[in-house]
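Chemist: My structure is stored as final11.cif, with mmCIF, C-alpha atoms.
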```cif
data_start
loop_
_atom_site.label_atom_id
_atom_site.label_comp_id
_atom_site.auth_asym_id
_atom_site.auth_seq_id
_atom_site.Cartn_x
_atom_site.Cartn_y
_atom_site.Cartn_z
CA MET M 1 -60.45 12.65 -33.42
CA GLY M 2 -62.26 13.24 -30.16
CA ALA M 3 -62.01 16.46 -28.19
CA GLN M 4 -60.26 14.74 -25.27
CA LEU M 5 -57.56 13.25 -27.47
CA ARG M 6 -57.00 16.56 -29.27
CA VAL M 7 -56.40 18.34 -25.94
CA TYR M 8 -53.82 15.72 -24.90
CA LYS M 9 -52.03 15.90 -28.25
CA ARG M 10 -51.82 19.69 -27.97
CA ARG M 11 -50.36 19.54 -24.46
CA ILE M 12 -47.78 16.96 -25.51
CA ARG M 13 -46.68 19.24 -28.36
CA SER M 14 -46.32 22.22 -26.03
CA VAL M 15 -44.39 20.27 -23.36
CA THR M 16 -42.09 18.85 -26.05
CA ALA M 17 -41.26 22.38 -27.21
CA THR M 18 -40.52 23.45 -23.61
CA LYS M 19 -38.32 20.40 -23.13
CA LYS M 20 -36.28 21.31 -26.19
CA ILE M 21 -35.68 24.79 -24.80
CA THR M 22 -34.69 23.65 -21.31
CA LYS M 23 -32.42 20.97 -22.78
CA ALA M 24 -30.66 23.62 -24.88
CA MET M 25 -30.26 25.90 -21.84
CA GLU M 26 -28.88 22.98 -19.84
CA MET M 27 -26.26 22.26 -22.46
CA ILE M 28 -25.29 25.92 -22.85
CA SER M 29 -24.84 26.27 -19.08
CA ALA M 30 -22.83 23.04 -18.92
CA SER M 31 -20.35 24.38 -21.46
CA ARG M 32 -20.16 27.75 -19.70
CA ILE M 33 -19.39 26.22 -16.30
CA VAL M 34 -16.15 24.85 -17.74
CA LYS M 35 -15.22 28.26 -19.13
CA ALA M 36 -16.08 29.97 -15.85
CA GLN M 37 -14.02 27.45 -13.88
CA ARG M 38 -11.11 28.06 -16.20
CA ALA M 39 -11.42 31.80 -15.55
CA VAL M 40 -11.34 31.16 -11.80
CA ALA M 41 -8.22 29.02 -12.20
CA ALA M 42 -6.54 31.61 -14.43
CA SER M 43 -7.03 34.35 -11.86
CA THR M 44 -5.59 32.29 -8.99
CA PRO M 45 -1.84 32.94 -9.56
CA TYR M 46 -2.41 36.70 -9.41
CA ALA M 47 -4.61 36.46 -6.32
CA ASP M 48 -2.11 34.23 -4.52
CA GLU M 49 0.90 36.38 -5.30
CA LEU M 50 -1.01 39.46 -4.23
CA THR M 51 -2.10 37.83 -0.97
CA ARG M 52 1.50 36.82 -0.24
CA ALA M 53 2.75 40.33 -0.94
CA VAL M 54 0.10 42.01 1.21
CA THR M 55 0.84 39.67 4.10
CA ALA M 56 4.58 40.17 3.64
CA VAL M 57 4.28 43.95 3.87
CA ALA M 58 1.96 43.76 6.83
CA THR M 59 4.13 41.33 8.80
CA ARG M 60 7.49 42.88 7.90
CA SER M 61 6.61 46.47 8.67
CA ASN M 62 4.52 48.40 11.12
CA ALA M 63 2.85 50.39 8.41
CA LYS M 64 -0.65 51.54 9.28
CA HIS M 65 -3.19 51.95 6.56
CA PRO M 66 -6.79 53.12 6.65
CA LEU M 67 -7.88 49.91 4.92
CA THR M 68 -6.52 47.75 7.76
CA THR M 69 -7.35 49.87 10.80
CA GLU M 70 -10.39 48.82 12.68
CA ASN M 71 -12.83 51.46 13.85
CA PRO M 72 -13.95 50.45 17.36
CA ASN M 73 -17.17 52.48 17.11
CA ALA M 74 -18.26 51.29 13.69
CA THR M 75 -21.62 52.81 12.82
CA LYS M 76 -22.01 52.13 9.13
CA ALA M 77 -21.48 48.92 7.20
CA ALA M 78 -21.65 48.29 3.48
CA VAL M 79 -22.81 44.99 2.02
CA LEU M 80 -21.93 43.99 -1.52
CA LEU M 81 -24.35 41.35 -2.79
CA ILE M 82 -23.59 39.34 -5.92
CA THR M 83 -26.59 37.84 -7.75
CA ALA M 84 -27.45 36.80 -11.29
CA ASP M 85 -28.68 39.00 -14.12
CA ARG M 86 -31.06 36.37 -15.39
CA GLY M 87 -33.42 33.96 -13.70
CA LEU M 88 -34.07 30.25 -14.33
CA ALA M 89 -31.15 29.34 -12.11
CA GLY M 90 -33.00 27.55 -9.33
CA GLY M 91 -32.34 29.00 -5.90
CA TYR M 92 -29.08 30.69 -6.88
CA SER M 93 -30.06 34.35 -6.52
CA THR M 94 -32.59 33.71 -3.76
CA ASN M 95 -30.00 32.01 -1.56
CA ALA M 96 -27.54 34.88 -1.97
CA ILE M 97 -30.29 37.44 -1.26
CA LYS M 98 -31.41 35.53 1.86
CA GLN M 99 -27.81 35.48 3.08
CA ALA M 100 -27.51 39.24 2.53
CA ILE M 101 -30.80 39.95 4.33
CA ALA M 102 -29.72 37.82 7.30
CA LEU M 103 -26.32 39.56 7.38
CA SER M 104 -27.95 43.00 7.22
CA ALA M 105 -30.25 42.08 10.12
CA LYS M 106 -27.25 40.92 12.14
CA LEU M 107 -25.35 44.14 11.42
CA ARG M 108 -28.38 46.24 12.38
CA ASP M 109 -28.59 44.33 15.65
CA GLU M 110 -25.02 45.38 16.29
CA GLY M 111 -26.18 48.97 15.89
CA LYS M 112 -24.79 49.64 12.42
CA ASP M 113 -26.48 51.31 9.50
CA VAL M 114 -26.40 49.09 6.45
CA VAL M 115 -25.92 50.35 2.91
CA THR M 116 -26.30 47.80 0.15
CA TYR M 117 -24.49 47.55 -3.16
CA ILE M 118 -25.79 44.98 -5.62
CA VAL M 119 -24.36 43.19 -8.63
CA GLY M 120 -26.94 41.53 -10.90
CA ARG M 121 -30.47 42.43 -12.00
CA LYS M 122 -32.18 39.78 -9.82
CA GLY M 123 -30.91 41.31 -6.58
CA VAL M 124 -31.69 44.83 -7.77
CA SER M 125 -35.29 43.97 -8.65
CA TYR M 126 -35.77 42.13 -5.32
CA TYR M 127 -34.63 45.19 -3.36
CA ASN M 128 -36.53 47.66 -5.52
CA PHE M 129 -39.76 45.65 -5.30
CA ARG M 130 -39.58 45.75 -1.49
CA ASN M 131 -38.59 49.42 -1.43
CA LEU M 132 -35.27 48.65 0.24
CA SER M 133 -32.61 51.24 -0.41
CA VAL M 134 -29.77 50.37 -2.77
CA ALA M 135 -26.65 52.53 -2.69
CA GLY M 136 -25.22 51.28 -5.94
CA SER M 137 -26.00 48.64 -8.52
CA TYR M 138 -24.04 47.06 -11.34
CA THR M 139 -25.68 44.89 -13.97
CA GLY M 140 -24.94 43.24 -17.27
CA PHE M 141 -21.85 41.17 -16.49
CA SER M 142 -22.92 38.57 -13.93
CA ASP M 143 -22.36 35.57 -16.21
CA LYS M 144 -19.02 36.70 -17.62
CA PRO M 145 -17.31 39.23 -15.35
CA THR M 146 -14.03 40.86 -16.42
CA TYR M 147 -11.34 42.41 -14.26
CA GLY M 148 -12.53 45.83 -15.44
CA ASP M 149 -15.98 45.15 -13.96
CA ALA M 150 -14.45 44.17 -10.63
CA LYS M 151 -12.30 47.32 -10.72
CA ALA M 152 -15.34 49.53 -11.27
CA VAL M 153 -17.21 47.94 -8.34
CA ALA M 154 -14.15 48.05 -6.07
CA ALA M 155 -13.40 51.69 -6.91
CA GLU M 156 -16.79 52.86 -5.64
CA LEU M 157 -16.60 50.71 -2.49
CA ILE M 158 -13.08 51.82 -1.61
CA GLU M 159 -14.13 55.42 -2.13
CA ALA M 160 -17.08 54.93 0.22
CA PHE M 161 -14.75 53.30 2.73
CA THR M 162 -12.04 55.96 2.67
CA ALA M 163 -14.40 58.95 2.52
CA GLU M 164 -13.55 61.51 5.21
CA THR M 165 -17.09 62.03 6.43
CA GLY M 166 -20.05 59.70 6.23
CA GLY M 167 -17.92 56.87 4.96
CA VAL M 168 -18.61 53.23 5.80
CA ASP M 169 -16.58 51.52 8.52
CA GLU M 170 -16.93 47.96 7.33
CA LEU M 171 -17.38 46.22 4.03
CA HIS M 172 -18.98 42.81 3.75
CA LEU M 173 -19.18 40.66 0.66
CA VAL M 174 -22.01 38.18 0.01
CA SER M 175 -21.25 35.81 -2.83
CA THR M 176 -21.76 32.23 -3.86
CA LYS M 177 -18.87 29.85 -3.52
CA PHE M 178 -18.44 27.25 -6.22
CA GLU M 179 -17.64 24.07 -4.31
CA SER M 180 -18.47 21.52 -6.97
CA MET M 181 -20.81 21.01 -9.91
CA LEU M 182 -23.48 19.98 -7.40
CA THR M 183 -22.80 22.22 -4.40
CA GLN M 184 -22.71 26.00 -4.38
CA THR M 185 -23.09 27.82 -1.11
CA ALA M 186 -23.97 31.43 -0.45
CA GLN M 187 -21.53 32.90 2.03
CA ASP M 188 -20.59 36.23 3.54
CA ALA M 189 -17.15 37.50 4.45
CA ARG M 190 -15.79 40.75 5.77
CA LEU M 191 -13.57 42.35 3.18
CA LEU M 192 -12.60 45.55 4.96
CA PRO M 193 -11.01 46.45 7.28
CA LEU M 194 -8.62 43.70 6.35
CA LYS M 195 -7.91 41.21 9.12
CA LEU M 196 -4.51 39.86 8.22
CA ASP M 197 -4.87 36.80 10.43
CA GLU M 198 -7.70 35.64 8.23
CA VAL M 199 -6.05 36.21 4.88
CA GLN M 200 -5.91 32.92 3.03
CA LEU M 201 -4.32 31.58 -0.11
CA SER M 202 -6.42 29.81 -2.71
CA ASP M 203 -5.78 26.39 -1.13
CA GLU M 204 -7.22 27.76 2.15
CA THR M 205 -3.93 27.78 4.05
CA PRO M 206 -3.54 30.97 6.06
CA ALA M 207 -0.97 33.18 4.35
CA LYS M 208 0.46 34.18 7.71
CA HIS M 209 1.98 30.76 8.31
CA GLN M 210 4.60 31.40 5.68
CA ILE M 211 7.91 32.92 6.59
CA PHE M 212 8.71 35.94 4.51
CA PRO M 213 12.15 37.23 3.57
CA LEU M 214 13.19 40.70 4.69
CA TYR M 215 12.01 42.70 1.72
CA ASP M 216 13.25 46.11 0.70
CA PHE M 217 10.15 48.17 0.06
CA GLU M 218 10.19 50.71 -2.72
CA PRO M 219 9.28 53.52 -2.40
CA SER M 220 8.36 52.72 1.26
CA ALA M 221 6.31 50.17 3.15
CA GLU M 222 3.43 52.66 3.32
CA GLY M 223 3.74 53.45 -0.36
CA VAL M 224 3.67 49.78 -1.29
CA LEU M 225 0.70 49.14 0.98
CA ASP M 226 -1.10 52.12 -0.56
CA ALA M 227 -0.72 50.58 -3.98
CA LEU M 228 -1.32 46.98 -2.92
CA LEU M 229 -4.42 47.12 -0.76
CA PRO M 230 -6.83 48.50 -3.37
CA ARG M 231 -5.48 45.87 -5.81
CA TYR M 232 -6.10 43.24 -3.15
CA VAL M 233 -9.70 44.34 -2.68
CA GLU M 234 -10.19 44.37 -6.45
CA SER M 235 -8.75 40.91 -6.76
CA ARG M 236 -10.99 39.58 -3.97
CA ILE M 237 -14.07 41.07 -5.62
CA TYR M 238 -12.95 39.73 -9.01
CA ASN M 239 -12.53 36.27 -7.53
CA ALA M 240 -15.97 36.46 -5.89
CA LEU M 241 -17.52 37.55 -9.20
CA LEU M 242 -15.89 34.66 -11.05
CA GLN M 243 -16.90 32.11 -8.44
CA SER M 244 -20.44 33.44 -8.44
CA ALA M 245 -20.57 33.26 -12.23
CA ALA M 246 -19.45 29.64 -12.15
CA SER M 247 -22.05 28.94 -9.44
CA GLU M 248 -24.75 30.67 -11.47
CA HIS M 249 -24.06 28.45 -14.47
CA ALA M 250 -23.94 25.32 -12.32
CA ALA M 251 -27.23 26.25 -10.61
CA ARG M 252 -28.86 26.97 -13.96
CA ARG M 253 -27.62 23.72 -15.42
CA ARG M 254 -29.11 21.78 -12.52
CA ALA M 255 -32.41 23.66 -12.62
CA MET M 256 -32.69 23.11 -16.36
CA LYS M 257 -31.75 19.46 -16.04
CA SER M 258 -34.59 18.83 -13.60
CA ALA M 259 -36.94 20.89 -15.80
CA THR M 260 -35.98 18.69 -18.76
CA ASP M 261 -36.47 15.53 -16.70
CA ASN M 262 -39.86 16.72 -15.46
CA ALA M 263 -40.92 17.58 -19.00
CA GLY M 264 -39.93 14.04 -20.05
CA GLU M 265 -42.06 12.56 -17.25
CA LEU M 266 -44.96 14.80 -18.18
CA ILE M 267 -44.75 13.77 -21.83
CA LYS M 268 -44.72 10.12 -20.80
CA SER M 269 -47.84 10.38 -18.63
CA LEU M 270 -49.64 12.56 -21.18
CA THR M 271 -48.87 9.98 -23.87
CA ARG M 272 -50.40 7.27 -21.65
CA LEU M 273 -53.51 9.39 -21.11
CA ALA M 274 -53.75 10.13 -24.83
CA ASN M 275 -53.44 6.43 -25.64
CA SER M 276 -56.18 5.43 -23.24
CA ALA M 277 -58.37 8.29 -24.51
CA ARG M 278 -57.87 7.02 -28.06
CA GLN M 279 -58.62 3.46 -26.93
CA ALA M 280 -61.76 4.58 -25.12
CA GLU M 281 -62.87 6.40 -28.26
CA ILE M 282 -62.39 3.26 -30.37
CA THR M 283 -64.22 1.11 -27.82
CA GLN M 284 -67.07 3.54 -27.78
CA GLU M 285 -67.28 3.60 -31.56
CA ILE M 286 -67.32 -0.20 -31.71
CA SER M 287 -70.05 -0.48 -29.09
CA GLU M 288 -72.05 2.17 -30.94
CA ILE M 289 -71.75 0.20 -34.18
CA VAL M 290 -72.59 -3.10 -32.49
CA GLY M 291 -75.49 -1.48 -30.67
CA GLY M 292 -76.74 0.10 -33.88
CA ALA M 293 -76.46 -3.22 -35.77
CA ASN M 294 -78.32 -5.06 -33.01
CA ALA M 295 -81.06 -2.45 -32.98
CA LEU M 296 -81.40 -2.74 -36.77
CA ALA M 297 -81.49 -6.56 -36.51
CA ASP M 298 -84.15 -6.39 -33.77
CA ALA M 299 -86.23 -3.94 -35.76
CA SER M 300 -86.14 -6.02 -38.96
CA ARG M 301 -86.96 -9.26 -37.03
CA GLY M 302 -90.03 -7.55 -35.50
CA SER M 303 -91.39 -6.49 -38.91
CA GLU M 304 -91.24 -10.01 -40.42
CA MET Q 1 25.23 30.91 -15.48
CA ALA Q 2 23.10 32.13 -12.66
CA GLU Q 3 19.48 32.52 -13.50
CA LEU Q 4 16.30 33.61 -11.87
CA HIS Q 5 12.79 32.33 -12.32
CA VAL Q 6 10.30 34.86 -13.63
CA GLU Q 7 6.52 34.78 -13.50
CA LEU Q 8 4.65 37.52 -15.32
CA VAL Q 9 1.07 37.41 -14.14
CA ALA Q 10 -1.88 39.55 -15.17
CA ALA Q 11 -5.11 39.77 -13.17
CA ASP Q 12 -6.90 37.26 -15.37
CA ARG Q 13 -4.13 35.00 -16.70
CA LYS Q 14 -0.51 33.95 -16.45
CA VAL Q 15 1.26 35.82 -19.25
CA TRP Q 16 4.77 34.38 -19.24
CA SER Q 17 7.00 32.29 -17.03
CA GLY Q 18 10.51 30.95 -17.43
CA ALA Q 19 14.17 31.42 -16.57
CA ALA Q 20 15.96 34.72 -17.16
CA THR Q 21 19.32 36.37 -16.55
CA ILE Q 22 18.11 39.93 -16.00
CA VAL Q 23 14.77 41.70 -15.82
CA VAL Q 24 14.40 45.44 -16.23
CA ALA Q 25 11.21 47.13 -15.10
CA ARG Q 26 10.02 50.67 -14.48
CA THR Q 27 9.30 51.08 -10.77
CA ALA Q 28 8.05 54.12 -8.90
CA SER Q 29 11.65 55.20 -8.24
CA GLY Q 30 13.00 54.63 -11.74
CA ASP Q 31 14.13 51.77 -13.96
CA THR Q 32 15.24 48.80 -11.87
CA GLY Q 33 17.27 45.89 -13.12
CA ILE Q 34 17.01 42.65 -11.21
CA MET Q 35 19.64 39.96 -11.57
CA PRO Q 36 19.99 36.61 -9.82
CA GLY Q 37 20.87 36.99 -6.14
CA HIS Q 38 19.28 40.43 -5.78
CA THR Q 39 18.21 41.33 -2.26
CA PRO Q 40 14.50 40.60 -1.60
CA VAL Q 41 12.54 43.56 -2.89
CA LEU Q 42 8.91 44.53 -3.24
CA SER Q 43 8.19 47.60 -5.29
CA VAL Q 44 5.40 49.33 -7.09
CA LEU Q 45 5.48 49.39 -10.90
CA GLU Q 46 4.66 52.30 -13.14
CA THR Q 47 3.07 51.87 -16.53
CA GLY Q 48 6.03 50.92 -18.69
CA PRO Q 49 7.73 48.21 -20.68
CA VAL Q 50 9.29 45.24 -18.88
CA THR Q 51 12.29 43.63 -20.53
CA ILE Q 52 13.19 40.06 -19.71
CA ARG Q 53 16.45 38.54 -21.04
CA THR Q 54 15.95 34.81 -21.11
CA THR Q 55 18.73 32.31 -20.42
CA ASP Q 56 18.75 31.15 -24.05
CA GLY Q 57 19.69 34.65 -25.22
CA GLY Q 58 16.21 35.74 -26.26
CA THR Q 59 14.36 38.84 -25.16
CA VAL Q 60 10.79 39.05 -23.98
CA ILE Q 61 9.23 42.49 -23.81
CA ALA Q 62 5.85 43.18 -22.28
CA ALA Q 63 3.79 46.30 -21.80
CA VAL Q 64 2.71 46.42 -18.16
CA HIS Q 65 0.07 48.78 -16.81
CA GLY Q 66 0.19 49.24 -13.06
CA GLY Q 67 1.14 46.54 -10.61
CA PHE Q 68 4.21 45.55 -8.63
CA ILE Q 69 7.19 43.21 -8.55
CA SER Q 70 8.37 41.03 -5.72
CA PHE Q 71 11.69 39.22 -5.68
CA ALA Q 72 12.78 36.61 -3.15
CA ASP Q 73 14.69 33.31 -3.29
CA ASN Q 74 15.69 33.90 -6.90
CA LYS Q 75 12.05 34.01 -7.86
CA LEU Q 76 10.67 37.16 -9.41
CA SER Q 77 6.93 37.76 -9.64
CA ILE Q 78 5.70 40.56 -11.82
CA LEU Q 79 2.07 41.26 -11.10
CA ALA Q 80 0.13 43.59 -13.31
CA GLU Q 81 -3.50 44.45 -13.71
CA ILE Q 82 -2.95 44.39 -17.45
CA ALA Q 83 0.11 42.88 -19.12
CA GLU Q 84 0.59 42.23 -22.81
CA LEU Q 85 3.54 40.60 -24.52
CA ALA Q 86 4.96 42.71 -27.32
CA ASP Q 87 4.09 40.15 -29.98
CA GLU Q 88 0.45 40.10 -28.80
CA ILE Q 89 0.03 43.83 -29.24
CA ASP Q 90 -1.95 45.06 -32.20
CA VAL Q 91 0.17 47.98 -33.45
CA ALA Q 92 -2.57 49.57 -35.54
CA ARG Q 93 -4.94 49.48 -32.59
CA ALA Q 94 -2.36 50.94 -30.21
CA GLU Q 95 -1.67 53.76 -32.69
CA ARG Q 96 -5.38 54.50 -32.98
CA ALA Q 97 -5.65 54.48 -29.17
CA LEU Q 98 -2.71 56.89 -28.97
CA GLU Q 99 -4.32 59.32 -31.42
CA LEU Q 100 -7.62 59.12 -29.58
CA ALA Q 101 -5.95 59.69 -26.21
CA GLN Q 102 -4.00 62.67 -27.58
CA SER Q 103 -7.11 64.27 -29.01
CA GLU Q 104 -9.01 63.73 -25.76
CA LEU Q 105 -6.06 64.84 -23.59
CA ASP Q 106 -6.28 61.66 -21.51
CA ALA Q 107 -2.77 61.46 -20.10
CA HIS Q 108 -3.19 57.93 -18.67
CA ALA Q 109 -4.55 56.42 -21.85
CA GLU Q 110 -1.87 58.21 -23.83
CA ARG Q 111 0.87 56.74 -21.66
CA ARG Q 112 -0.64 53.26 -21.94
CA ALA Q 113 -0.75 53.45 -25.73
CA GLU Q 114 2.80 54.84 -25.84
CA VAL Q 115 4.09 52.00 -23.70
CA ARG Q 116 2.43 49.45 -25.96
CA LEU Q 117 4.15 50.95 -28.99
CA LEU Q 118 7.46 51.19 -27.10
CA ALA Q 119 7.26 47.51 -26.26
CA VAL Q 120 6.63 46.54 -29.88
CA ARG Q 121 9.45 48.76 -31.19
CA GLY Q 122 11.79 47.46 -28.48
CA LEU Q 123 11.14 43.91 -29.62
CA LYS Q 124 11.80 44.79 -33.24
CA ALA Q 125 15.11 46.42 -32.32
CA HIS Q 126 16.26 43.17 -30.72
CA VAL Q 127 15.30 40.81 -33.51
#
```
Have the structure of the file written as structure tokens, please.

Modeler:
Amino acid sequence: MGAQLRVYKRRIRSVTATKKITKAMEMISASRIVKAQRAVAASTPYADELTRAVTAVATRSNAKHPLTTENPNATKAAVLLITADRGLAGGYSTNAIKQAIALSAKLRDEGKDVVTYIVGRKGVSYYNFRNLSVAGSYTGFSDKPTYGDAKAVAAELIEAFTAETGGVDELHLVSTKFESMLTQTAQDARLLPLKLDEVQLSDETPAKHQIFPLYDFEPSAEGVLDALLPRYVESRIYNALLQSAASEHAARRRAMKSATDNAGELIKSLTRLANSARQAEITQEISEIVGGANALADASRGSE
Amino acid sequence: MAELHVELVAADRKVWSGAATIVVARTASGDTGIMPGHTPVLSVLETGPVTIRTTDGGTVIAAVHGGFISFADNKLSILAEIAELADEIDVARAERALELAQSELDAHAERRAEVRLLAVRGLKAHV
């Protein structure tokens, strides 16, 4: 076998192995999207009920709460960025990071200091590599977040928000919305202080349009709000984590699908090249034999 | 017979839903029983067992850790961060958790484990 042909054969073997791996990753992600979507759906009843209750308390009482009061001279804003723990997910993490950077620039233009909290190793390494400060980071659960994870993240953020001195005045959330298997968009939203006009149910209808009965609040409207609002923030963060996880799997599936397709194309063209190399080798051998035979014939004719 | 519709929802799943005649839950101001036609109420729940008497005479008991209940239009929503039906609870595990919590003097964990065991025993008493 000629050197050329051997090189082609080796490359085909290596690309075939890569294709097997990307195909496996594609199929794993495809099965996980379904699971992640189911998790999003399972968390919706809780989120909706909670949204209704928060809106009911806020509209049926004049209770004031630190989590809903706007600070007119806001000087410090926190950004929670949700990215993936692992790569090979196309532009998933990059898009979220870009969104967060743009949001931070906008907040700085408004004269606010920005502190960043990050979920997912990809975001953490991006910020660390560029020597950007990170106030808190959480890793290890980006592809399968639990309510406990969301609670841990929310606890630190609420603490930063309610701190007497040096606390943050605003809290923004950058996450990836799962719109469909093909479309996932990075988006940012202000989580705190809570603007009740913007509170929405899962089907995107504003919760405020509903008419609420005159509830009795136990122990008191303030007491209920005290207990509800942190839960609401947790549930919003939980929902964002779940949506981002579903988006991560969808992005990875798509990236791996195109990697598999490209590997298939590459194998095809390499096979063509290998075939023509083999053909060229055969042609050369034949012409060498014919040439050699002719030369022999000429030589023997000359000696007669 | 009058009945009310109950939805018991945990943060990550719907635990139970159906029709009931009375629901008893531990709120911040003590045990509260809710029957059909109760005035609309929204109250904070303590860690405790929730007892639901279903219309067909059965009893559903769940251990609920933190959350709240809201009742309006004969519809009762029980929202909890963690909710477990009594027949889902692993007794041996809850007992281990109780021992661990007692040895570590973790009052919250101790209460959670106690409530789990209470819920299981409550169910057995009704069967």

Chemist: Smallest atom-to-atom distance to chain M: which of Q:Ile22, Q:Ile52, Q:Val9, Q:Ala119, using all atoms listed in the file?

Modeler: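 Closest to chain M of all the choices is Q:Val9.
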
Chemist: For chain M, which of Q:Leu118, Q:Ala11, Q:Val23, Q:Ile69 is the closest residue, counting all atoms listed in the file?

Modeler: Q:Ala11

Chemist: Pick the closest to Val44 in chain Q from Q:Glu7, Q:Asp73, Q:Gly18, Q:Ile78: which is it, counting all atoms listed in the file?

Modeler: Q:Ile78

Chemist: Pull out every residue of chain Q that has at least one atom within 7 Å of chain M, counting all atoms listed in the file, and report them as a list of chain:residue names.

Modeler: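 So the residues of chain Q near chain M are Q:Val9, Q:Ala10, Q:Ala11, Q:Asp12, Q:Arg13, Q:Lys14, Q:Ala28, Q:Ser29, Q:Pro40, Q:Val41, Q:Leu42, Q:Ser43, Q:Val44, Q:Ala72, Q:Leu79.
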
Chemist: Now that the selection is made, can you save its residues with C-alpha atoms as a PDB file, in the frame of the given file?

Modeler:
```pdb
ATOM      1  CA  VAL Q   9       1.070  37.410 -14.140  1.00  0.00           C
ATOM      2  CA  ALA Q  10      -1.880  39.550 -15.170  1.00  0.00           C
ATOM      3  CA  ALA Q  11      -5.110  39.770 -13.170  1.00  0.00           C
ATOM      4  CA  ASP Q  12      -6.900  37.260 -15.370  1.00  0.00           C
ATOM      5  CA  ARG Q  13      -4.130  35.000 -16.700  1.00  0.00           C
ATOM      6  CA  LYS Q  14      -0.510  33.950 -16.450  1.00  0.00           C
ATOM      7  CA  ALA Q  28       8.050  54.120  -8.900  1.00  0.00           C
ATOM      8  CA  SER Q  29      11.650  55.200  -8.240  1.00  0.00           C
ATOM      9  CA  PRO Q  40      14.500  40.600  -1.600  1.00  0.00           C
ATOM     10  CA  VAL Q  41      12.540  43.560  -2.890  1.00  0.00           C
ATOM     11  CA  LEU Q  42       8.910  44.530  -3.240  1.00  0.00           C
ATOM     12  CA  SER Q  43       8.190  47.600  -5.290  1.00  0.00           C
ATOM     13  CA  VAL Q  44       5.400  49.330  -7.090  1.00  0.00           C
ATOM     14  CA  ALA Q  72      12.780  36.610  -3.150  1.00  0.00           C
ATOM     15  CA  LEU Q  79       2.070  41.260 -11.100  1.00  0.00           C
TER      16      LEU Q  79
END
```

Chemist: List the neighbours of range 178-188 of chain M out to 9 Å using only C-alpha atoms; skip same-chain residues closer than 4 positions along the sequence, and give me the result as number ranges by chain.

Modeler: M: 33, 37, 81, 92, 95-100, 103, 172-174, 243-248, 250-251, 254

Chemist: Would you write out, as a PyMOL selection string, every residue that the PyMOL selection byres ((chain Q and resi 31-34) around 10) captures in this file?

Modeler: chain Q and resi 4+20-30+35-39+41+43+45-46+48-52+71+74+76

Chemist: Enumerate, as a VMD selection string, the residues matched when the PyMOL selection byres ((chain M and resi 139) around 8) is run on the file above.

Modeler: chain M and resid 85 119 to 121 137 to 138 140 to 142

Chemist: Using all atoms listed in the file, which of M:Pro66, M:Pro145, M:Gly291, M:Gly167 sits nearest Ile237 in chain M?

Modeler: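 Checking each candidate against Ile237 in chain M, we get M:Pro145 as the closest.
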
Chemist: I'd like the residues picked by the PyMOL selection byres ((chain Q and resi 113) around 9) written out as an NGL selection string, using the chain letters and numbers from the file.

Modeler: :Q and (93-99 or 101 or 108-112 or 114-118)

Chemist: Nearest residue to Ala84 in chain M out of M:Val124, M:Met256, M:Ala30, M:Leu171, using all atoms listed in the file?

Modeler: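 Under the stated criterion, the closest residue is M:Val124.
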
Chemist: Would you list the contacts of Arg6 in chain M as an NGL selection string, taking every protein, DNA or RNA residue within 10 Å and counting all atoms listed in the file, but skipping same-chain residues closer than 5 positions in sequence?

Modeler: :M and (1 or 11-12 or 274 or 277-278)

Chemist: Using the atoms already present, construct N, CA and C atoms for range 223-232 of chain M and hand them back as a PDB file, in the coordinates of the input.

Modeler:
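What ended up in result19.pdb:
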```
ATOM      1  N   GLY M 223       4.027  53.239   1.060  1.00  0.00           N
ATOM      2  CA  GLY M 223       3.740  53.450  -0.360  1.00  0.00           C
ATOM      3  C   GLY M 223       3.318  52.163  -1.029  1.00  0.00           C
ATOM      4  N   VAL M 224       4.019  51.074  -0.696  1.00  0.00           N
ATOM      5  CA  VAL M 224       3.670  49.780  -1.290  1.00  0.00           C
ATOM      6  C   VAL M 224       2.286  49.359  -0.847  1.00  0.00           C
ATOM      7  N   LEU M 225       2.008  49.524   0.445  1.00  0.00           N
ATOM      8  CA  LEU M 225       0.700  49.140   0.980  1.00  0.00           C
ATOM      9  C   LEU M 225      -0.407  49.947   0.319  1.00  0.00           C
ATOM     10  N   ASP M 226      -0.141  51.245   0.117  1.00  0.00           N
ATOM     11  CA  ASP M 226      -1.100  52.120  -0.560  1.00  0.00           C
ATOM     12  C   ASP M 226      -1.470  51.557  -1.917  1.00  0.00           C
ATOM     13  N   ALA M 227      -0.466  51.076  -2.636  1.00  0.00           N
ATOM     14  CA  ALA M 227      -0.720  50.580  -3.980  1.00  0.00           C
ATOM     15  C   ALA M 227      -1.315  49.173  -3.944  1.00  0.00           C
ATOM     16  N   LEU M 228      -0.907  48.378  -2.937  1.00  0.00           N
ATOM     17  CA  LEU M 228      -1.320  46.980  -2.920  1.00  0.00           C
ATOM     18  C   LEU M 228      -2.748  46.755  -2.454  1.00  0.00           C
ATOM     19  N   LEU M 229      -3.144  47.462  -1.380  1.00  0.00           N
ATOM     20  CA  LEU M 229      -4.420  47.120  -0.760  1.00  0.00           C
ATOM     21  C   LEU M 229      -5.626  47.289  -1.689  1.00  0.00           C
ATOM     22  N   PRO M 230      -5.700  48.417  -2.433  1.00  0.00           N
ATOM     23  CA  PRO M 230      -6.830  48.500  -3.370  1.00  0.00           C
ATOM     24  C   PRO M 230      -6.805  47.363  -4.381  1.00  0.00           C
ATOM     25  N   ARG M 231      -5.588  46.982  -4.862  1.00  0.00           N
ATOM     26  CA  ARG M 231      -5.480  45.870  -5.810  1.00  0.00           C
ATOM     27  C   ARG M 231      -5.997  44.594  -5.166  1.00  0.00           C
ATOM     28  N   TYR M 232      -5.678  44.442  -3.862  1.00  0.00           N
ATOM     29  CA  TYR M 232      -6.100  43.240  -3.150  1.00  0.00           C
ATOM     30  C   TYR M 232      -7.625  43.170  -3.077  1.00  0.00           C
TER      31      TYR M 232
END
```
